[in-house]
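One file, query_1.pdb, carrying PDB, C-alpha atoms, pLDDT in the B column:
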ATOM      1  CA  MET A1148      19.055  21.721   2.031  1.00 95.00           C
ATOM      2  CA  TYR A1149      16.196  23.571   0.409  1.00 96.00           C
ATOM      3  CA  LEU A1150      13.395  26.093   0.812  1.00 96.00           C
ATOM      4  CA  GLY A1151       9.787  25.146   1.422  1.00 97.00           C
ATOM      5  CA  ARG A1152       6.378  26.498   2.354  1.00 97.00           C
ATOM      6  CA  VAL A1153       4.257  24.846   5.023  1.00 97.00           C
ATOM      7  CA  VAL A1154       0.971  23.894   3.355  1.00 97.00           C
ATOM      8  CA  GLY A1155      -0.655  21.605   5.907  1.00 96.00           C
ATOM      9  CA  THR A1156      -0.351  19.198   8.777  1.00 95.00           C
ATOM     10  CA  CYS A1157      -0.272  15.452   8.900  1.00 94.00           C
ATOM     11  CA  VAL A1158      -1.530  13.267  11.746  1.00 93.00           C
ATOM     12  CA  ALA A1159      -0.497   9.638  12.102  1.00 91.00           C
ATOM     13  CA  THR A1160      -1.503   7.764  15.236  1.00 90.00           C
ATOM     14  CA  GLN A1161       0.165   4.475  14.561  1.00 89.00           C
ATOM     15  CA  LYS A1162       3.817   4.911  13.710  1.00 88.00           C
ATOM     16  CA  VAL A1163       7.229   3.483  14.539  1.00 88.00           C
ATOM     17  CA  ASP A1164       8.412   4.039  18.119  1.00 86.00           C
ATOM     18  CA  GLY A1165      11.009   6.702  17.370  1.00 85.00           C
ATOM     19  CA  LEU A1166       8.404   8.981  15.820  1.00 89.00           C
ATOM     20  CA  THR A1167       6.152   9.230  18.875  1.00 89.00           C
ATOM     21  CA  GLY A1168       5.353  12.851  19.764  1.00 89.00           C
ATOM     22  CA  ILE A1169       6.834  14.233  16.578  1.00 91.00           C
ATOM     23  CA  LYS A1170       4.995  16.892  14.579  1.00 94.00           C
ATOM     24  CA  LEU A1171       4.551  16.209  10.874  1.00 95.00           C
ATOM     25  CA  LEU A1172       3.868  19.000   8.394  1.00 96.00           C
ATOM     26  CA  LEU A1173       3.093  19.053   4.696  1.00 97.00           C
ATOM     27  CA  VAL A1174       5.669  21.126   2.860  1.00 97.00           C
ATOM     28  CA  GLN A1175       5.844  22.350  -0.731  1.00 97.00           C
ATOM     29  CA  PRO A1176       9.498  22.672  -1.839  1.00 97.00           C
ATOM     30  CA  LEU A1177      10.194  26.029  -3.513  1.00 96.00           C
ATOM     31  CA  ASP A1178      12.441  27.468  -6.181  1.00 94.00           C
ATOM     32  CA  ARG A1179      14.324  30.799  -6.044  1.00 91.00           C
ATOM     33  CA  ASP A1180      11.216  32.879  -6.825  1.00 92.00           C
ATOM     34  CA  GLN A1181       9.292  30.884  -4.217  1.00 94.00           C
ATOM     35  CA  SER A1182       7.324  29.082  -6.918  1.00 95.00           C
ATOM     36  CA  PRO A1183       6.547  25.397  -6.249  1.00 96.00           C
ATOM     37  CA  SER A1184       9.308  22.976  -7.199  1.00 94.00           C
ATOM     38  CA  GLY A1185       8.511  19.285  -7.163  1.00 93.00           C
ATOM     39  CA  ARG A1186       6.002  17.436  -5.065  1.00 95.00           C
ATOM     40  CA  VAL A1187       4.571  18.230  -1.662  1.00 96.00           C
ATOM     41  CA  GLU A1188       6.220  16.119   1.008  1.00 96.00           C
ATOM     42  CA  VAL A1189       5.816  15.317   4.685  1.00 96.00           C
ATOM     43  CA  ALA A1190       8.557  16.688   6.920  1.00 96.00           C
ATOM     44  CA  VAL A1191       9.277  16.524  10.637  1.00 96.00           C
ATOM     45  CA  ASP A1192       9.095  19.921  12.321  1.00 96.00           C
ATOM     46  CA  THR A1193      11.897  20.781  14.777  1.00 95.00           C
ATOM     47  CA  VAL A1194      11.365  24.562  15.010  1.00 95.00           C
ATOM     48  CA  ARG A1195       7.614  24.944  15.712  1.00 95.00           C
ATOM     49  CA  ALA A1196       6.827  26.163  12.226  1.00 95.00           C
ATOM     50  CA  GLY A1197       3.268  27.263  11.504  1.00 92.00           C
ATOM     51  CA  ALA A1198       0.877  27.308   8.589  1.00 94.00           C
ATOM     52  CA  ALA A1199       2.039  29.106   5.430  1.00 95.00           C
ATOM     53  CA  GLU A1200       5.493  29.872   6.869  1.00 96.00           C
ATOM     54  CA  LEU A1201       8.599  29.946   4.692  1.00 97.00           C
ATOM     55  CA  VAL A1202      11.040  27.372   6.055  1.00 97.00           C
ATOM     56  CA  TRP A1203      14.185  25.557   5.163  1.00 96.00           C
ATOM     57  CA  LEU A1204      14.601  21.822   5.302  1.00 97.00           C
ATOM     58  CA  VAL A1205      17.337  19.264   5.369  1.00 96.00           C
ATOM     59  CA  GLY A1206      16.867  16.020   3.498  1.00 93.00           C
ATOM     60  CA  ALA A1207      18.274  12.500   3.419  1.00 92.00           C
ATOM     61  CA  ARG A1208      20.059  10.906   6.396  1.00 91.00           C
ATOM     62  CA  GLU A1209      20.850  14.274   7.982  1.00 92.00           C
ATOM     63  CA  ALA A1210      17.135  14.917   8.607  1.00 94.00           C
ATOM     64  CA  ALA A1211      17.198  12.383  11.430  1.00 93.00           C
ATOM     65  CA  HIS A1212      20.148  14.237  12.974  1.00 92.00           C
ATOM     66  CA  ALA A1213      17.793  17.136  13.702  1.00 92.00           C
ATOM     67  CA  LEU A1214      15.997  15.009  16.293  1.00 92.00           C
ATOM     68  CA  GLU A1215      17.004  13.845  19.768  1.00 88.00           C
ATOM     69  CA  GLU A1216      16.771  10.253  18.615  1.00 86.00           C
ATOM     70  CA  ALA A1217      19.238   9.879  15.745  1.00 78.00           C
ATOM     71  CA  PHE A1218      17.982   6.563  14.436  1.00 87.00           C
ATOM     72  CA  VAL A1219      14.518   7.415  13.222  1.00 90.00           C
ATOM     73  CA  PRO A1220      13.208   6.685   9.744  1.00 92.00           C
ATOM     74  CA  ILE A1221      12.681  10.192   8.344  1.00 93.00           C
ATOM     75  CA  ASP A1222      14.068  11.837   5.216  1.00 94.00           C
ATOM     76  CA  ALA A1223      13.009  15.468   5.594  1.00 96.00           C
ATOM     77  CA  ALA A1224      13.130  17.828   8.566  1.00 96.00           C
ATOM     78  CA  ILE A1225      12.221  21.501   8.929  1.00 97.00           C
ATOM     79  CA  VAL A1226      15.244  23.097  10.607  1.00 96.00           C
ATOM     80  CA  GLY A1227      14.676  26.834  10.163  1.00 96.00           C
ATOM     81  CA  ILE A1228      11.986  29.468   9.736  1.00 97.00           C
ATOM     82  CA  VAL A1229      13.014  32.057   7.139  1.00 96.00           C
ATOM     83  CA  ASP A1230      12.308  35.639   8.302  1.00 95.00           C
ATOM     84  CA  ASP A1231      13.886  37.300   5.303  1.00 94.00           C
ATOM     85  CA  LEU A1232      15.026  35.955   1.952  1.00 94.00           C
ATOM     86  CA  THR A1233      17.138  38.016  -0.430  1.00 94.00           C
ATOM     87  CA  VAL A1234      17.543  36.611  -3.917  1.00 93.00           C
ATOM     88  CA  GLY A1235      19.364  38.418  -6.702  1.00 85.00           C
ATOM     89  CA  GLU A1236      20.094  37.480 -10.302  1.00 66.00           C
ATOM     90  CA  ALA A1237      22.465  34.674 -11.260  1.00 53.00           C
ATOM     91  CA  ARG A1238      25.589  36.064 -12.870  1.00 56.00           C
TER
ATOM     92  CA  MET B 718      30.206  18.184  -5.438  1.00 93.00           C
ATOM     93  CA  ARG B 719      28.163  20.714  -7.356  1.00 94.00           C
ATOM     94  CA  LEU B 720      29.009  23.935  -9.125  1.00 96.00           C
ATOM     95  CA  CYS B 721      26.611  26.717  -8.130  1.00 96.00           C
ATOM     96  CA  ASP B 722      26.172  30.464  -8.273  1.00 96.00           C
ATOM     97  CA  VAL B 723      25.335  32.180  -5.006  1.00 96.00           C
ATOM     98  CA  VAL B 724      22.118  34.099  -5.668  1.00 96.00           C
ATOM     99  CA  GLY B 725      20.869  35.096  -2.240  1.00 95.00           C
ATOM    100  CA  HIS B 726      20.947  34.841   1.501  1.00 93.00           C
ATOM    101  CA  THR B 727      18.531  34.100   4.307  1.00 94.00           C
ATOM    102  CA  VAL B 728      17.777  35.564   7.705  1.00 93.00           C
ATOM    103  CA  ALA B 729      16.232  33.274  10.284  1.00 93.00           C
ATOM    104  CA  THR B 730      15.619  33.707  13.994  1.00 91.00           C
ATOM    105  CA  ALA B 731      13.941  30.400  14.773  1.00 95.00           C
ATOM    106  CA  LYS B 732      16.273  27.629  13.701  1.00 94.00           C
ATOM    107  CA  HIS B 733      17.728  24.360  14.841  1.00 94.00           C
ATOM    108  CA  PRO B 734      20.630  25.006  17.290  1.00 93.00           C
ATOM    109  CA  ALA B 735      23.039  23.453  14.788  1.00 92.00           C
ATOM    110  CA  PHE B 736      22.537  26.505  12.527  1.00 93.00           C
ATOM    111  CA  GLU B 737      23.324  29.045  15.250  1.00 92.00           C
ATOM    112  CA  GLY B 738      25.970  31.480  14.006  1.00 92.00           C
ATOM    113  CA  ARG B 739      26.122  29.964  10.543  1.00 93.00           C
ATOM    114  CA  THR B 740      25.508  31.777   7.260  1.00 94.00           C
ATOM    115  CA  MET B 741      22.975  30.166   4.947  1.00 95.00           C
ATOM    116  CA  LEU B 742      23.254  31.129   1.280  1.00 96.00           C
ATOM    117  CA  VAL B 743      20.818  30.502  -1.554  1.00 97.00           C
ATOM    118  CA  CYS B 744      22.646  28.740  -4.384  1.00 96.00           C
ATOM    119  CA  GLN B 745      21.610  28.074  -7.981  1.00 96.00           C
ATOM    120  CA  PRO B 746      23.045  24.796  -9.341  1.00 96.00           C
ATOM    121  CA  LEU B 747      24.690  24.995 -12.779  1.00 95.00           C
ATOM    122  CA  ASP B 748      24.853  22.509 -15.612  1.00 93.00           C
ATOM    123  CA  ALA B 749      27.901  21.513 -17.654  1.00 89.00           C
ATOM    124  CA  ASP B 750      27.602  24.748 -19.678  1.00 90.00           C
ATOM    125  CA  LEU B 751      27.344  26.770 -16.464  1.00 92.00           C
ATOM    126  CA  ARG B 752      23.681  27.556 -17.056  1.00 94.00           C
ATOM    127  CA  PRO B 753      21.184  27.440 -14.174  1.00 94.00           C
ATOM    128  CA  ILE B 754      19.569  24.035 -13.790  1.00 95.00           C
ATOM    129  CA  GLY B 755      17.059  22.798 -11.235  1.00 93.00           C
ATOM    130  CA  PRO B 756      15.703  24.470  -8.108  1.00 95.00           C
ATOM    131  CA  VAL B 757      17.897  26.501  -5.773  1.00 95.00           C
ATOM    132  CA  LEU B 758      19.400  24.917  -2.695  1.00 95.00           C
ATOM    133  CA  LEU B 759      20.537  26.277   0.650  1.00 96.00           C
ATOM    134  CA  ALA B 760      24.068  25.736   1.862  1.00 96.00           C
ATOM    135  CA  VAL B 761      26.107  26.664   4.918  1.00 96.00           C
ATOM    136  CA  ASP B 762      28.966  28.991   3.975  1.00 95.00           C
ATOM    137  CA  ARG B 763      32.498  28.088   5.082  1.00 93.00           C
ATOM    138  CA  VAL B 764      34.501  30.291   2.725  1.00 94.00           C
ATOM    139  CA  GLN B 765      33.003  33.786   3.120  1.00 94.00           C
ATOM    140  CA  ALA B 766      31.204  33.580  -0.221  1.00 95.00           C
ATOM    141  CA  GLY B 767      28.715  36.238  -1.300  1.00 93.00           C
ATOM    142  CA  ILE B 768      26.033  36.907  -3.873  1.00 94.00           C
ATOM    143  CA  GLY B 769      27.515  36.592  -7.379  1.00 93.00           C
ATOM    144  CA  ASP B 770      30.258  34.155  -6.399  1.00 95.00           C
ATOM    145  CA  ARG B 771      30.562  30.852  -8.224  1.00 96.00           C
ATOM    146  CA  VAL B 772      31.066  28.161  -5.613  1.00 96.00           C
ATOM    147  CA  LEU B 773      31.646  24.493  -5.001  1.00 96.00           C
ATOM    148  CA  ILE B 774      29.117  22.761  -2.752  1.00 96.00           C
ATOM    149  CA  ASN B 775      29.593  19.497  -0.929  1.00 95.00           C
ATOM    150  CA  GLN B 776      26.193  17.823  -0.671  1.00 93.00           C
ATOM    151  CA  GLU B 777      26.846  14.988   1.679  1.00 91.00           C
ATOM    152  CA  GLY B 778      26.545  14.744   5.434  1.00 90.00           C
ATOM    153  CA  ASN B 779      29.705  12.943   6.485  1.00 89.00           C
ATOM    154  CA  GLY B 780      32.103  15.449   4.946  1.00 89.00           C
ATOM    155  CA  SER B 781      29.958  18.301   6.211  1.00 90.00           C
ATOM    156  CA  ARG B 782      30.050  16.990   9.779  1.00 90.00           C
ATOM    157  CA  GLN B 783      33.818  16.656   9.682  1.00 89.00           C
ATOM    158  CA  MET B 784      34.199  20.168   8.306  1.00 88.00           C
ATOM    159  CA  LEU B 785      31.777  21.753  10.773  1.00 89.00           C
ATOM    160  CA  GLY B 786      33.291  20.105  13.801  1.00 84.00           C
ATOM    161  CA  ALA B 787      30.984  17.204  14.557  1.00 81.00           C
ATOM    162  CA  PRO B 788      32.822  14.166  13.168  1.00 76.00           C
ATOM    163  CA  GLY B 789      30.988  10.996  14.083  1.00 74.00           C
ATOM    164  CA  GLY B 790      28.321  13.070  15.803  1.00 84.00           C
ATOM    165  CA  LYS B 791      24.935  14.463  14.916  1.00 89.00           C
ATOM    166  CA  LEU B 792      24.495  17.461  12.682  1.00 92.00           C
ATOM    167  CA  PRO B 793      21.427  18.139  10.515  1.00 93.00           C
ATOM    168  CA  ILE B 794      23.506  19.875   7.843  1.00 94.00           C
ATOM    169  CA  ARG B 795      24.084  18.379   4.424  1.00 94.00           C
ATOM    170  CA  SER B 796      25.130  21.113   2.001  1.00 96.00           C
ATOM    171  CA  VAL B 797      28.261  23.163   2.669  1.00 96.00           C
ATOM    172  CA  ILE B 798      30.010  25.688   0.440  1.00 96.00           C
ATOM    173  CA  VAL B 799      33.599  24.496   0.415  1.00 95.00           C
ATOM    174  CA  GLY B 800      35.232  26.667  -2.227  1.00 95.00           C
ATOM    175  CA  ILE B 801      34.952  29.776  -4.373  1.00 96.00           C
ATOM    176  CA  VAL B 802      35.575  28.847  -7.998  1.00 95.00           C
ATOM    177  CA  ASP B 803      38.012  31.069  -9.875  1.00 94.00           C
ATOM    178  CA  ARG B 804      37.707  29.427 -13.252  1.00 92.00           C
ATOM    179  CA  VAL B 805      36.097  26.485 -15.010  1.00 90.00           C
ATOM    180  CA  ASP B 806      37.636  25.180 -18.233  1.00 88.00           C
ATOM    181  CA  ARG B 807      35.732  22.806 -20.391  1.00 82.00           C
ATOM    182  CA  ALA B 808      36.565  21.091 -23.679  1.00 78.00           C
ATOM    183  CA  HIS B 809      34.194  22.138 -26.477  1.00 71.00           C
ATOM    184  CA  GLU B 810      34.554  19.018 -28.610  1.00 62.00           C
ATOM    185  CA  ALA B 811      32.068  16.252 -27.913  1.00 59.00           C
ATOM    186  CA  SER B 812      34.916  13.886 -27.135  1.00 59.00           C
ATOM    187  CA  PRO B 813      34.370  10.912 -24.827  1.00 61.00           C
ATOM    188  CA  ALA B 814      36.301  12.763 -22.121  1.00 61.00           C
ATOM    189  CA  SER B 815      34.155  15.895 -22.255  1.00 56.00           C
ATOM    190  CA  ALA B 816      30.999  13.798 -22.376  1.00 59.00           C
ATOM    191  CA  ARG B 817      32.193  12.111 -19.221  1.00 64.00           C
ATOM    192  CA  ASP B 818      32.899  15.489 -17.617  1.00 64.00           C
ATOM    193  CA  ALA B 819      29.415  16.647 -18.560  1.00 61.00           C
ATOM    194  CA  ALA B 820      27.919  13.552 -16.967  1.00 63.00           C
ATOM    195  CA  GLU B 821      29.865  14.319 -13.799  1.00 65.00           C
ATOM    196  CA  LEU B 822      28.282  17.756 -13.598  1.00 63.00           C
ATOM    197  CA  THR B 823      24.742  16.533 -14.195  1.00 58.00           C
ATOM    198  CA  PRO B 824      22.640  16.672 -11.038  1.00 58.00           C
ATOM    199  CA  ARG B 825      21.808  13.414  -9.394  1.00 58.00           C
ATOM    200  CA  GLY B 826      20.864  11.986  -6.047  1.00 57.00           C
ATOM    201  CA  ALA B 827      18.657  13.244  -3.230  1.00 54.00           C
ATOM    202  CA  PRO B 828      17.706  16.900  -2.719  1.00 58.00           C
ATOM    203  CA  GLY B 829      19.087  19.051   0.032  1.00 61.00           C
TER
END

Kindly return the structure encoded in the file as structure tokens.
Amino acid sequence: MYLGRVVGTCVATQKVDGLTGIKLLLVQPLDRDQSPSGRVEVAVDTVRAGAAELVWLVGAREAAHALEEAFVPIDAAIVGIVDDLTVGEAR
Amino acid sequence: MRLCDVVGHTVATAKHPAFEGRTMLVCQPLDADLRPIGPVLLAVDRVQAGIGDRVLINQEGNGSRQMLGAPGGKLPIRSVIVGIVDRVDRAHEASPASARDAAELTPRGAPG
């Protein structure tokens, strides 16, 4: 699971059946200082996240477990909106 | 499993119901020399770890579901802190065995 910043939305009209009615957002994965880490990706939103919000995501097979329908072809889901993030120094 | 240092924690009000009542910690993965490597990850805490602790993280859904009480069910949780590491010993010679150990500790696979 990892941190990300919502950077946009994605609209797809024609998609597989299980993805009907699902909101897709563009997310930039972040590092500990909230700097970009890796490429922007499309993630399914399960928590009504909005533009520019700091969120956390779950990847791989477990992303689909965030949805009602467990057998949908997704590999990233937004599962939390971060209100406060405390990050100290590594030891 | 990955060796990590706990470097932070999160507070979230809006979250998937599966995260209700769970502690999410920010963890910095470590390489074979215990130096930070790669971006931080978030993991559910099962061992009362805190900032500054060196921990062991299981990054795989099946084990996580069993541990968090949803075996065979649905749970959108992949990374779980399963131990607080007291000590890590590592051979200093570049022997085949230590090279293999180093390879074991090198990050691989999908994020999150």

Inset, instruction - Run the ChimeraX specification (/A :<9) & /B against the file shown and list the residues it catches, as a PyMOL selection string. - result: chain B and resi 722-736+743-745+753+755-760+768-771+776-778+790-796+827-829

Convert the current residue selection to file output with C-alpha atoms, as a PDB file, in the frame of the given file.
ATOM      1  CA  ASP B 722      26.172  30.464  -8.273  1.00 96.00           C
ATOM      2  CA  VAL B 723      25.335  32.180  -5.006  1.00 96.00           C
ATOM      3  CA  VAL B 724      22.118  34.099  -5.668  1.00 96.00           C
ATOM      4  CA  GLY B 725      20.869  35.096  -2.240  1.00 95.00           C
ATOM      5  CA  HIS B 726      20.947  34.841   1.501  1.00 93.00           C
ATOM      6  CA  THR B 727      18.531  34.100   4.307  1.00 94.00           C
ATOM      7  CA  VAL B 728      17.777  35.564   7.705  1.00 93.00           C
ATOM      8  CA  ALA B 729      16.232  33.274  10.284  1.00 93.00           C
ATOM      9  CA  THR B 730      15.619  33.707  13.994  1.00 91.00           C
ATOM     10  CA  ALA B 731      13.941  30.400  14.773  1.00 95.00           C
ATOM     11  CA  LYS B 732      16.273  27.629  13.701  1.00 94.00           C
ATOM     12  CA  HIS B 733      17.728  24.360  14.841  1.00 94.00           C
ATOM     13  CA  PRO B 734      20.630  25.006  17.290  1.00 93.00           C
ATOM     14  CA  ALA B 735      23.039  23.453  14.788  1.00 92.00           C
ATOM     15  CA  PHE B 736      22.537  26.505  12.527  1.00 93.00           C
ATOM     16  CA  VAL B 743      20.818  30.502  -1.554  1.00 97.00           C
ATOM     17  CA  CYS B 744      22.646  28.740  -4.384  1.00 96.00           C
ATOM     18  CA  GLN B 745      21.610  28.074  -7.981  1.00 96.00           C
ATOM     19  CA  PRO B 753      21.184  27.440 -14.174  1.00 94.00           C
ATOM     20  CA  GLY B 755      17.059  22.798 -11.235  1.00 93.00           C
ATOM     21  CA  PRO B 756      15.703  24.470  -8.108  1.00 95.00           C
ATOM     22  CA  VAL B 757      17.897  26.501  -5.773  1.00 95.00           C
ATOM     23  CA  LEU B 758      19.400  24.917  -2.695  1.00 95.00           C
ATOM     24  CA  LEU B 759      20.537  26.277   0.650  1.00 96.00           C
ATOM     25  CA  ALA B 760      24.068  25.736   1.862  1.00 96.00           C
ATOM     26  CA  ILE B 768      26.033  36.907  -3.873  1.00 94.00           C
ATOM     27  CA  GLY B 769      27.515  36.592  -7.379  1.00 93.00           C
ATOM     28  CA  ASP B 770      30.258  34.155  -6.399  1.00 95.00           C
ATOM     29  CA  ARG B 771      30.562  30.852  -8.224  1.00 96.00           C
ATOM     30  CA  GLN B 776      26.193  17.823  -0.671  1.00 93.00           C
ATOM     31  CA  GLU B 777      26.846  14.988   1.679  1.00 91.00           C
ATOM     32  CA  GLY B 778      26.545  14.744   5.434  1.00 90.00           C
ATOM     33  CA  GLY B 790      28.321  13.070  15.803  1.00 84.00           C
ATOM     34  CA  LYS B 791      24.935  14.463  14.916  1.00 89.00           C
ATOM     35  CA  LEU B 792      24.495  17.461  12.682  1.00 92.00           C
ATOM     36  CA  PRO B 793      21.427  18.139  10.515  1.00 93.00           C
ATOM     37  CA  ILE B 794      23.506  19.875   7.843  1.00 94.00           C
ATOM     38  CA  ARG B 795      24.084  18.379   4.424  1.00 94.00           C
ATOM     39  CA  SER B 796      25.130  21.113   2.001  1.00 96.00           C
ATOM     40  CA  ALA B 827      18.657  13.244  -3.230  1.00 54.00           C
ATOM     41  CA  PRO B 828      17.706  16.900  -2.719  1.00 58.00           C
ATOM     42  CA  GLY B 829      19.087  19.051   0.032  1.00 61.00           C
TER      43      GLY B 829
END

Legend entry - Result set of the PyMOL selection byres ((chain A and resi 1153) around 8) on the coordinates above, as a PyMOL selection string: chain A and resi 1151-1152+1154-1155+1172-1175+1196-1202

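Atom CA of His809 of chain B to atom CA of Ala766 of chain B spans 28.8 Å [interatomic distance, one decimal].
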
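Excluding segment 797-802 of chain B and any residue on its chain fewer than 5 positions from it, the residues at most 6 Å away by all atoms listed in the file are Ala760, Val761, Asp762, Arg763, Arg771, Val772, Leu773, Ile774 and Asn775 of chain B.
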
Inset, instruction - Compare A:Leu1166, A:Thr1156, A:Leu1171, A:Glu1188 by their minimum atom-to-atom distance to Val1219 of chain A, counting all atoms listed in the file, and give me the closest one. - result: A:Leu1166

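Going from atom CA of Asp748 of chain B over to atom CA of Leu720 of chain B, you cover 7.8 Å.
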
Starting from 6 Å padding per side, set up an axis-aligned box that covers all listed atoms of segment 1198-1214 of chain A and hand over centre and edge lengths in Å, one decimal, as lines of an AutoDock Vina configuration file.
center_x = 10.9
center_y = 20.4
center_z = 9.9
size_x = 32.0
size_y = 31.0
size_z = 24.9

Legend entry - Atom pair atom CA of Arg804 of chain B / atom CA of Met784 of chain B: separation (Å): 23.7 Å

Hey, could you patch up segment 739-760 of chain B with N, CA and C atoms and hand it over as a PDB file, keeping the file's coordinate frame?
ATOM      1  N   ARG B 739      25.684  30.369  11.883  1.00 93.00           N
ATOM      2  CA  ARG B 739      26.122  29.964  10.543  1.00 93.00           C
ATOM      3  C   ARG B 739      25.405  30.796   9.481  1.00 93.00           C
ATOM      4  N   THR B 740      26.091  31.034   8.374  1.00 94.00           N
ATOM      5  CA  THR B 740      25.508  31.777   7.260  1.00 94.00           C
ATOM      6  C   THR B 740      24.920  30.798   6.256  1.00 94.00           C
ATOM      7  N   MET B 741      23.647  31.010   5.930  1.00 95.00           N
ATOM      8  CA  MET B 741      22.975  30.166   4.947  1.00 95.00           C
ATOM      9  C   MET B 741      22.809  30.949   3.655  1.00 95.00           C
ATOM     10  N   LEU B 742      23.359  30.437   2.565  1.00 96.00           N
ATOM     11  CA  LEU B 742      23.254  31.129   1.280  1.00 96.00           C
ATOM     12  C   LEU B 742      22.354  30.351   0.325  1.00 96.00           C
ATOM     13  N   VAL B 743      21.672  31.112  -0.534  1.00 97.00           N
ATOM     14  CA  VAL B 743      20.818  30.502  -1.554  1.00 97.00           C
ATOM     15  C   VAL B 743      21.675  30.295  -2.799  1.00 97.00           C
ATOM     16  N   CYS B 744      21.738  29.067  -3.294  1.00 96.00           N
ATOM     17  CA  CYS B 744      22.646  28.740  -4.384  1.00 96.00           C
ATOM     18  C   CYS B 744      21.892  28.122  -5.554  1.00 96.00           C
ATOM     19  N   GLN B 745      22.220  28.591  -6.760  1.00 96.00           N
ATOM     20  CA  GLN B 745      21.610  28.074  -7.981  1.00 96.00           C
ATOM     21  C   GLN B 745      22.556  27.070  -8.622  1.00 96.00           C
ATOM     22  N   PRO B 746      22.189  25.788  -8.678  1.00 96.00           N
ATOM     23  CA  PRO B 746      23.045  24.796  -9.341  1.00 96.00           C
ATOM     24  C   PRO B 746      23.216  25.117 -10.833  1.00 96.00           C
ATOM     25  N   LEU B 747      24.369  24.738 -11.382  1.00 95.00           N
ATOM     26  CA  LEU B 747      24.690  24.995 -12.779  1.00 95.00           C
ATOM     27  C   LEU B 747      24.912  23.680 -13.519  1.00 95.00           C
ATOM     28  N   ASP B 748      24.608  23.708 -14.813  1.00 93.00           N
ATOM     29  CA  ASP B 748      24.853  22.509 -15.612  1.00 93.00           C
ATOM     30  C   ASP B 748      26.265  22.549 -16.203  1.00 93.00           C
ATOM     31  N   ALA B 749      26.554  21.620 -17.106  1.00 89.00           N
ATOM     32  CA  ALA B 749      27.901  21.513 -17.654  1.00 89.00           C
ATOM     33  C   ALA B 749      28.298  22.756 -18.448  1.00 89.00           C
ATOM     34  N   ASP B 750      27.306  23.513 -18.958  1.00 90.00           N
ATOM     35  CA  ASP B 750      27.602  24.748 -19.678  1.00 90.00           C
ATOM     36  C   ASP B 750      27.485  25.969 -18.775  1.00 90.00           C
ATOM     37  N   LEU B 751      27.428  25.725 -17.479  1.00 92.00           N
ATOM     38  CA  LEU B 751      27.344  26.770 -16.464  1.00 92.00           C
ATOM     39  C   LEU B 751      26.058  27.585 -16.565  1.00 92.00           C
ATOM     40  N   ARG B 752      25.001  26.926 -17.051  1.00 94.00           N
ATOM     41  CA  ARG B 752      23.681  27.556 -17.056  1.00 94.00           C
ATOM     42  C   ARG B 752      22.893  27.043 -15.858  1.00 94.00           C
ATOM     43  N   PRO B 753      21.987  27.878 -15.317  1.00 94.00           N
ATOM     44  CA  PRO B 753      21.184  27.440 -14.174  1.00 94.00           C
ATOM     45  C   PRO B 753      20.397  26.176 -14.502  1.00 94.00           C
ATOM     46  N   ILE B 754      20.374  25.248 -13.587  1.00 95.00           N
ATOM     47  CA  ILE B 754      19.569  24.035 -13.790  1.00 95.00           C
ATOM     48  C   ILE B 754      18.995  23.583 -12.443  1.00 95.00           C
ATOM     49  N   GLY B 755      17.710  23.308 -12.442  1.00 93.00           N
ATOM     50  CA  GLY B 755      17.059  22.798 -11.235  1.00 93.00           C
ATOM     51  C   GLY B 755      16.773  23.877 -10.217  1.00 93.00           C
ATOM     52  N   PRO B 756      16.060  23.504  -9.152  1.00 95.00           N
ATOM     53  CA  PRO B 756      15.703  24.470  -8.108  1.00 95.00           C
ATOM     54  C   PRO B 756      16.909  24.883  -7.284  1.00 95.00           C
ATOM     55  N   VAL B 757      16.799  26.034  -6.617  1.00 95.00           N
ATOM     56  CA  VAL B 757      17.897  26.501  -5.773  1.00 95.00           C
ATOM     57  C   VAL B 757      18.029  25.603  -4.547  1.00 95.00           C
ATOM     58  N   LEU B 758      19.203  25.626  -3.948  1.00 95.00           N
ATOM     59  CA  LEU B 758      19.400  24.917  -2.695  1.00 95.00           C
ATOM     60  C   LEU B 758      20.028  25.865  -1.682  1.00 95.00           C
ATOM     61  N   LEU B 759      19.960  25.481  -0.423  1.00 96.00           N
ATOM     62  CA  LEU B 759      20.537  26.277   0.650  1.00 96.00           C
ATOM     63  C   LEU B 759      21.784  25.576   1.150  1.00 96.00           C
ATOM     64  N   ALA B 760      22.830  26.340   1.383  1.00 96.00           N
ATOM     65  CA  ALA B 760      24.068  25.736   1.862  1.00 96.00           C
ATOM     66  C   ALA B 760      24.701  26.604   2.925  1.00 96.00           C
TER      67      ALA B 760
END
